[in-house]
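Some notes on the structure that comes next.
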Amino acid sequence: MSLPNQPVTLSVNGAPADVRAGLHDTLLSVLRDQLQCTAAKRGCNQGVCGACTILVDDRTVRSCLSLAQNCEGAHIHTLEGLNDRPDMQVLQQAFARSGAFQCGFCTPGMLISAHALLQGNPGPDASDVRKALSGNLCRCTGYTKIVAAVLDAAATLRGEAVSP
Ligand code: FES
Ligand code: FES
């Protein structure tokens with residue numbers, strides 16, 4: 001049985017990170033409260049909204065549902081660690097161009113999910129995008145502009161003309 005506040009070593013955005021986690025501490029709380037990685041948002045805190053989405057070993061994960069003690073040795077990427085990647089910059093520019101955010105609270109999770117989609121499928125259609133983002137809720141925009149932004153980014157990354 002795990003002890004409370006046991007040390008956990010993670011790789012966060014390419015750098016080793018030593019944290020301490022109790023039995024019920026989530027990856028989200030460790031990232032935000034110990035490592036100041038605040039791009040992942042605490043929305044519902046119960047696995048519904050997707051605002052806390054990050055990559056763990058290159059797979060999208062809701063960090064509010066992941067217990068930190070179970071993540072020893074995991075390779076974690078948050079939006080902070082992906083911001084400088086050209087594909088993420090293309091996605092962010094497409095979101096801005098399409099007006100795909102208002103308050104922005106859902107946007108980091110949306111970007112992580114969209115990034116993961118495009119890594120595996122550079123030519124998604126709207127249905128693919130909606131499916132990939134189905135676990136990410138947005139209370140502001142509706143989803144039309146978000147889907148358009150991801151399709152726009154995918155086209156740009158393929159070297160195709162961006163729609164006006
Ligand atoms: Fe994790 Fe909502 S905060 S799914
Ligand atoms: Fe506000 Fe999505 S832009 S929740």
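Residues in the structure tokens are named by chain (A, B, ... in the order shown) and by number from 1 within that chain; ligands are numbered from 1 in the order shown.
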Within 12 Å of His77 of chain A using only C-alpha atoms, minus same-chain residues under 2 positions, as a PyMOL selection string = chain A and resi 10-17+27-28+31+37+39-40+52-61+63+74-75+79-83+85+108-109+112-113+115-116
Keeping C-alpha atoms, export the residues of the selection given above as a short mmCIF file (atom, residue, chain, number, x, y, z; two decimals), in the first residue's frame.
data_model
loop_
_atom_site.label_atom_id
_atom_site.label_comp_id
_atom_site.auth_asym_id
_atom_site.auth_seq_id
_atom_site.Cartn_x
_atom_site.Cartn_y
_atom_site.Cartn_z
CA LEU A 10 7.94 12.43 -13.45
CA SER A 11 9.21 13.78 -16.72
CA VAL A 12 7.31 17.00 -17.34
CA ASN A 13 7.79 18.76 -20.64
CA GLY A 14 11.09 17.04 -21.16
CA ALA A 15 12.61 17.74 -17.75
CA PRO A 16 12.72 15.55 -14.65
CA ALA A 17 10.32 16.67 -11.94
CA LEU A 27 -1.78 14.69 -11.58
CA LEU A 28 -3.69 17.92 -12.11
CA LEU A 31 1.08 19.94 -12.01
CA CYS A 37 2.01 24.18 -14.90
CA ALA A 39 -2.30 25.58 -18.59
CA ALA A 40 -4.23 22.45 -17.60
CA CYS A 52 -7.46 19.37 -17.61
CA THR A 53 -6.40 17.33 -20.64
CA ILE A 54 -2.68 16.65 -20.93
CA LEU A 55 -0.49 14.07 -22.65
CA VAL A 56 0.84 11.16 -20.63
CA ASP A 57 3.19 8.97 -22.64
CA ASP A 58 1.76 10.63 -25.77
CA ARG A 59 -1.85 9.79 -24.97
CA THR A 60 -4.50 12.28 -23.94
CA VAL A 61 -5.40 11.95 -20.28
CA SER A 63 -5.31 14.81 -15.32
CA ALA A 74 5.54 8.89 -16.84
CA HIS A 75 6.37 11.30 -19.64
CA LEU A 79 0.52 22.97 -23.20
CA GLU A 80 3.49 24.85 -21.73
CA GLY A 81 5.78 22.22 -23.19
CA LEU A 82 4.13 22.14 -26.60
CA ASN A 83 3.77 25.87 -27.22
CA ARG A 85 6.26 23.27 -31.50
CA PRO A 108 -5.63 24.39 -23.54
CA GLY A 109 -7.51 21.10 -23.34
CA ILE A 112 -3.99 19.21 -26.59
CA SER A 113 -6.79 17.00 -27.95
CA HIS A 115 -2.72 18.16 -31.37
CA ALA A 116 -3.11 14.48 -30.48
#
Could I get the residue neighbourhood of ligand 2 at 7 Å, counting only C-alpha atoms and all ligand atoms, as an NGL selection string?
-> :A and (101-107 or 137-141)
All heavy atoms of the current selection, written as an mmCIF file, in the first residue's frame:
data_model
loop_
_atom_site.group_PDB
_atom_site.id
_atom_site.type_symbol
_atom_site.label_atom_id
_atom_site.label_comp_id
_atom_site.auth_asym_id
_atom_site.auth_seq_id
_atom_site.Cartn_x
_atom_site.Cartn_y
_atom_site.Cartn_z
ATOM 1 N N PHE A 101 -12.202 30.688 -29.600
ATOM 2 C CA PHE A 101 -12.266 30.766 -28.141
ATOM 3 C C PHE A 101 -12.828 32.125 -27.740
ATOM 4 O O PHE A 101 -12.751 33.090 -28.491
ATOM 5 C CB PHE A 101 -10.897 30.548 -27.494
ATOM 6 C CG PHE A 101 -9.819 31.447 -28.010
ATOM 7 C CD1 PHE A 101 -9.646 32.711 -27.485
ATOM 8 C CD2 PHE A 101 -8.974 31.022 -29.032
ATOM 9 C CE1 PHE A 101 -8.642 33.553 -27.960
ATOM 10 C CE2 PHE A 101 -7.973 31.852 -29.519
ATOM 11 C CZ PHE A 101 -7.807 33.114 -28.982
ATOM 12 N N GLN A 102 -13.407 32.138 -26.554
ATOM 13 C CA GLN A 102 -13.869 33.407 -25.984
ATOM 14 C C GLN A 102 -13.200 33.586 -24.626
ATOM 15 O O GLN A 102 -12.203 34.278 -24.512
ATOM 16 C CB GLN A 102 -15.398 33.428 -25.903
ATOM 17 C CG GLN A 102 -16.029 33.541 -27.294
ATOM 18 C CD GLN A 102 -17.532 33.579 -27.271
ATOM 19 O OE1 GLN A 102 -18.157 33.980 -26.294
ATOM 20 N NE2 GLN A 102 -18.147 33.153 -28.361
ATOM 21 N N CYS A 103 -13.677 32.898 -23.590
ATOM 22 C CA CYS A 103 -13.002 33.047 -22.287
ATOM 23 C C CYS A 103 -11.662 32.323 -22.283
ATOM 24 O O CYS A 103 -10.771 32.667 -21.519
ATOM 25 C CB CYS A 103 -13.882 32.547 -21.157
ATOM 26 S SG CYS A 103 -13.928 30.740 -20.970
ATOM 27 N N GLY A 104 -11.527 31.299 -23.097
ATOM 28 C CA GLY A 104 -10.263 30.576 -23.210
ATOM 29 C C GLY A 104 -10.056 29.466 -22.206
ATOM 30 O O GLY A 104 -9.036 28.778 -22.257
ATOM 31 N N PHE A 105 -11.014 29.260 -21.305
ATOM 32 C CA PHE A 105 -10.801 28.261 -20.252
ATOM 33 C C PHE A 105 -10.656 26.853 -20.821
ATOM 34 O O PHE A 105 -9.838 26.066 -20.347
ATOM 35 C CB PHE A 105 -11.968 28.302 -19.256
ATOM 36 C CG PHE A 105 -11.723 27.529 -18.007
ATOM 37 C CD1 PHE A 105 -11.013 28.088 -16.949
ATOM 38 C CD2 PHE A 105 -12.174 26.225 -17.874
ATOM 39 C CE1 PHE A 105 -10.763 27.365 -15.794
ATOM 40 C CE2 PHE A 105 -11.938 25.490 -16.725
ATOM 41 C CZ PHE A 105 -11.235 26.071 -15.682
ATOM 42 N N CYS A 106 -11.417 26.556 -21.834
ATOM 43 C CA CYS A 106 -11.360 25.203 -22.410
ATOM 44 C C CYS A 106 -10.218 25.037 -23.399
ATOM 45 O O CYS A 106 -9.918 23.922 -23.816
ATOM 46 C CB CYS A 106 -12.675 24.902 -23.137
ATOM 47 S SG CYS A 106 -12.897 25.888 -24.657
ATOM 48 N N THR A 107 -9.614 26.152 -23.821
ATOM 49 C CA THR A 107 -8.721 26.135 -24.979
ATOM 50 C C THR A 107 -7.484 25.251 -24.792
ATOM 51 O O THR A 107 -7.133 24.500 -25.715
ATOM 52 C CB THR A 107 -8.320 27.573 -25.366
ATOM 53 O OG1 THR A 107 -9.515 28.343 -25.524
ATOM 54 C CG2 THR A 107 -7.543 27.595 -26.665
ATOM 55 N N LEU A 137 -15.422 20.090 -23.364
ATOM 56 C CA LEU A 137 -16.618 20.930 -23.372
ATOM 57 C C LEU A 137 -16.240 22.402 -23.439
ATOM 58 O O LEU A 137 -15.251 22.838 -22.857
ATOM 59 C CB LEU A 137 -17.452 20.678 -22.113
ATOM 60 C CG LEU A 137 -17.859 19.223 -21.863
ATOM 61 C CD1 LEU A 137 -18.779 19.139 -20.652
ATOM 62 C CD2 LEU A 137 -18.519 18.616 -23.093
ATOM 63 N N CYS A 138 -17.045 23.157 -24.179
ATOM 64 C CA CYS A 138 -16.874 24.614 -24.256
ATOM 65 C C CYS A 138 -18.221 25.254 -23.981
ATOM 66 O O CYS A 138 -19.211 24.923 -24.616
ATOM 67 C CB CYS A 138 -16.374 25.023 -25.642
ATOM 68 S SG CYS A 138 -16.230 26.825 -25.830
ATOM 69 N N ARG A 139 -18.239 26.172 -23.040
ATOM 70 C CA ARG A 139 -19.485 26.832 -22.678
ATOM 71 C C ARG A 139 -19.689 28.139 -23.430
ATOM 72 O O ARG A 139 -20.716 28.786 -23.275
ATOM 73 C CB ARG A 139 -19.518 27.116 -21.169
ATOM 74 C CG ARG A 139 -19.728 25.861 -20.347
ATOM 75 C CD ARG A 139 -19.747 26.174 -18.864
ATOM 76 N NE ARG A 139 -20.106 24.980 -18.105
ATOM 77 C CZ ARG A 139 -21.332 24.694 -17.695
ATOM 78 N NH1 ARG A 139 -22.328 25.513 -17.984
ATOM 79 N NH2 ARG A 139 -21.585 23.606 -17.009
ATOM 80 N N CYS A 140 -18.702 28.565 -24.201
ATOM 81 C CA CYS A 140 -18.790 29.887 -24.817
ATOM 82 C C CYS A 140 -19.087 29.853 -26.306
ATOM 83 O O CYS A 140 -19.933 30.614 -26.781
ATOM 84 C CB CYS A 140 -17.469 30.636 -24.637
ATOM 85 S SG CYS A 140 -16.961 30.902 -22.949
ATOM 86 N N THR A 141 -18.373 29.062 -27.044
ATOM 87 C CA THR A 141 -18.304 29.301 -28.489
ATOM 88 C C THR A 141 -19.306 28.495 -29.296
ATOM 89 O O THR A 141 -19.533 28.820 -30.454
ATOM 90 C CB THR A 141 -16.909 28.913 -29.029
ATOM 91 O OG1 THR A 141 -16.709 27.513 -28.836
ATOM 92 C CG2 THR A 141 -15.819 29.687 -28.315
#
Counting only C-alpha atoms and all ligand atoms, what residues are within 8 Å of ligand 1, given as a PyMOL selection string?
-> chain A and resi 28+41-53+62-65+136
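Considering only C-alpha atoms, the residue among A:Glu72, A:Asp152, A:Glu160, A:Asp87 positioned nearest to Val129 of chain A is A:Asp152.
From atom CA of Asp33 of chain A back to atom CA of Thr9 of chain A, the distance works out to 15.5 Å.
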When you draw a straight line from atom CA of Thr38 of chain A to atom CA of Gln6 of chain A, how long is it in Å?
-> 22.4 Å
Mind listing the helix (DSSP H, G or I) residues of chain A, per DSSP on the backbone, as an MDAnalysis selection string?
-> chainID A and resid 27:34 68:71 79:82 86:98 107:120 126:132 144:157
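A straight line drawn from atom CA of Leu117 of chain A to atom CA of Gly135 of chain A is 12.6 Å long.
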